[in-house]
Each structure stands twice: as structure tokens, then as C-alpha cells.
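Student: Please see the structure below; I have some questions.
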Amino acid sequence: MNTRDAAGFPIAAGILFGLGLGGFFDGIVLHQVLQWHHMLTDAGYPATSVENLKINTFWDGLFHATTYVFVAMGLLVLWRASRRRHVRWSTKLLAGTLLIGFGLFNLVEGIVDHHLLGIHHVNETVPREQWVFWDVGFLTWGAAMLIGGWLLLKVGQRETVQAADASPADHLGGRTRAGRPDKTQGQLDGLQCTGLAHPGGQPRSNQTQAARRHLVEIDQHPHQQSADRWRYVGHDGLADSR
């Protein structure tokens with residue numbers, strides 16, 4: 001397995017989540033809580049009248065709907081990937097891609113809305129001559145998150161690949177690489193009790209050993225087809241063959 005594969009982690013899902021969370025932060029914190037600006041407050045609709053507030057509220061709602069779509073798309077991509085067999089993903093993969101998405105949101109929204117279109121600015125409660133400093137700070141913050149997220153993603157990819165390249169007993173056996181008990185051990189030990197015992201009526205200890213050998217065989221030969229092979233679900237679930 002190589003770093004580019006990232007052990008099957010859906011990078012697009014994390015970036016979509018980051019884009020959505022970045023939008024929610026902007027809309028909830030800057031638009032509503034702090035009320036530094038609204039969507040069109042520097043596009044001829046300053047928040048100085050009820051009518052202008054209605055217009056801005058409508059466009060703020062469309063903005064929030066877009067960020068909601070980003071989050072929903074990220075959830076769909078993550079769900080599809082999680083249903084495929086994969087090793088344990090490093091938490092840094094999700095954290096890194098979230099930061100990348102959040103940083104991308106700040107950069108794109110800041111360049112387009114604040115500088116190119118000029119429909120609003122980050123903090124319109126300060127004197128106008130100071131607006132540019134807040135806008136530049138917003139872009140700098142986004143760039144820092146983008147770079148930090150990319151670096152974190154690379155670390156997470158290396159950690160995940162190292163875990164995947166370890167011996168099968170490390171991630172299919174009784175203990176993880178960190179030395180913590182692994183859920184798979186309990187599932188293997190309880191095969192007889194749950195009705196998932198391998199055909200043949202072997203004693204419980206023999207069933208556990210046979211199941212472990214079969215899981216390792218599947219890990220080493222994922223494309224092998226067999227009528228009585230175990231079906232491995234995710235990274236910590238077992239189901240009987242069909």
C-alpha cells in the first residue's frame with residue numbers, strides 16, 4: 001500500500017466537511033452572533049433598515065443552504081467509503097482534510113466576495129479604512145489552515161499506511177499497534193456464542209484460530225473467491241459467509 005492510496009480514506013469527504021464548517025462558522029459567528037456583516041451589506045443594502053435586513057437575511061439563508069449541501073455531500077462520500085473494507089484510519093486524515101476545506105473556503109470566499117465583488121467585508125463595524133486589514137487577515141488565516149491541513153494530512157497518510165503494512169496480526173489480532181485491546185479479539189472469541197462459528201463444529205479455541213487464519217488469508221488475498229470464506233465488514237466487524 002502506498003501513501004497516495006491513503007488506505008482508502010475519502011479525502012474529498014473531509015474537504016467537503018471543511019468547506020461546510022467554514023461556511024457555517026462565517027454565517028453563524030460573523031453574520032449572526034457578532035453581526036460584523038451580512039451577505040450584501042456593502043452591495044447597496046447596508047443593515048440600516050428593516051427592508052435591507054430582510055434582503056440580507058434571505059441571501060444569508062441561501063449562503064447557509066450552500067454550506068449545508070457541502071456537509072451533506074461530505075457525509076454521503078464518507079458513508080460510501082466506510083462501507084468498504086479498510087484499515088483503521090488515522091485521525092489526522094480527517095483533521096487535516098477538514099482544515100484544508102476550511103482554509104479553501106476562507107480563501108475562495110475572501111477573494112471573491114471581499115475583493116473581487118466587494119459585496120461585503122469581514123468586519124464592517126470598524127472604520128472603513130480598516131476593513132482591508134480584516135480582509136487580509138481572513139485570507140492569511142485561510143492560507144495557514146490550508147498549509148497546516150496539508151501537512152497534517154501527509155502525516156496521517158504515513159501513519160495509516162504504516163498500520164496497513166504491519167503484520168496482519170497487528171490489526172486483525174487481539175491487540176492494536178498501540179497496545180490497546182482490539183474489538184476483533186472479542187468477536188473472534190465469541191464466534192460460537194453469536195452463531196458465527198465456522199462450519200464444522202470445532203471447539204471454541206479451534207474455531208477462533210481457524211477464523212483468525214481465514215481473516216489473515218482474506219487480508220493477503222482480497223480477490224480470492226471461496227464458497228465458505230468469511231465476509232469481513234469494515235475494520236472491526238465480522239459476519240458469516242453467504
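Each chain of the C-alpha cells is named A, B, ... in the order shown, its residues numbered from 1; ligands are numbered from 1 in display order.
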Write out as CSV the residues of region 52-159 of chain A that have any atom within 9 Å of an atom of region 24-35 of chain A, one row each with the nearest atom pair and its distance in Å to one decimal, counting only C-alpha atoms, sorted by chain and then rising number.
Tutor:
residue,atom,partner,partner_atom,distance
A:Asp60,CA,A:Gly27,CA,7.1
A:Gly61,CA,A:Gly27,CA,8.9
A:Phe63,CA,A:Gly27,CA,7.7
A:His64,CA,A:Phe24,CA,6.7
A:Thr67,CA,A:Phe24,CA,6.6
A:Tyr68,CA,A:Phe24,CA,8.1
A:Asn106,CA,A:Asp26,CA,8.9
A:Val122,CA,A:Leu30,CA,7.7
A:Asn123,CA,A:Leu30,CA,8.2
A:Glu124,CA,A:Gln35,CA,8.9
A:Thr125,CA,A:Gln35,CA,8.5
Student: Using only C-alpha atoms, can you tell me which of A:Gly44, A:Gly23, A:Gly8, A:Gly14 comes closest to His120 (chain A)?
Tutor: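 That would be A:Gly44, the residue with the smallest distance to His120 (chain A).
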Student: Would you please work out which residue, of A:Pro10, A:Gly18, A:Gly156, A:Pro127, is nearest to Leu93 (chain A) when using only C-alpha atoms?
Tutor: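 Looking at the shortest contact to Leu93 (chain A), the residue is A:Gly156.
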Student: When DSSP works through the backbone of this structure, what residues of region 4-160 of chain A end up as alpha helix (DSSP H), shown as a PyMOL selection string?
Tutor: chain A and resi 11-25+50-82+91-109+131-160
Student: So which one's closest to Met145 (chain A), A:Pro46, A:Gly74, A:Gly110, A:Gly22? Using only C-alpha atoms, please.
Tutor: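 Checking each candidate against Met145 (chain A), we get A:Gly22 as the closest.
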Student: Quick one: residues within 12 Å of Val112 (chain A), only C-alpha atoms counted, chain neighbours fewer than 6 positions away excluded, as a list of chain:residue names?
Tutor: A:Leu104, A:Phe105, A:Asn106, A:Gly118, A:Ile119, A:His120, A:His121, A:Asp135, A:Leu139
Student: When you count only C-alpha atoms, which of these residues is closest to Thr97 (chain A): A:Trp36, A:Phe138, A:Phe133, A:Trp150?
Tutor: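 Comparing A:Trp36, A:Phe138, A:Phe133, A:Trp150 against Thr97 (chain A), the winner is A:Trp150.
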Student: Would you compute the distance between CA of Asn56 (chain A) and CA of His38 (chain A)? Give it in Å to one decimal.
Tutor: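 That distance, rounded to one decimal, is 5.9 Å.
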Student: What's the separation between CA of Leu94 (chain A) and CA of Leu16 (chain A), in Å to one decimal place?
Tutor: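 Computing the Euclidean distance for CA of Leu94 (chain A) and CA of Leu16 (chain A) yields 11.0 Å.
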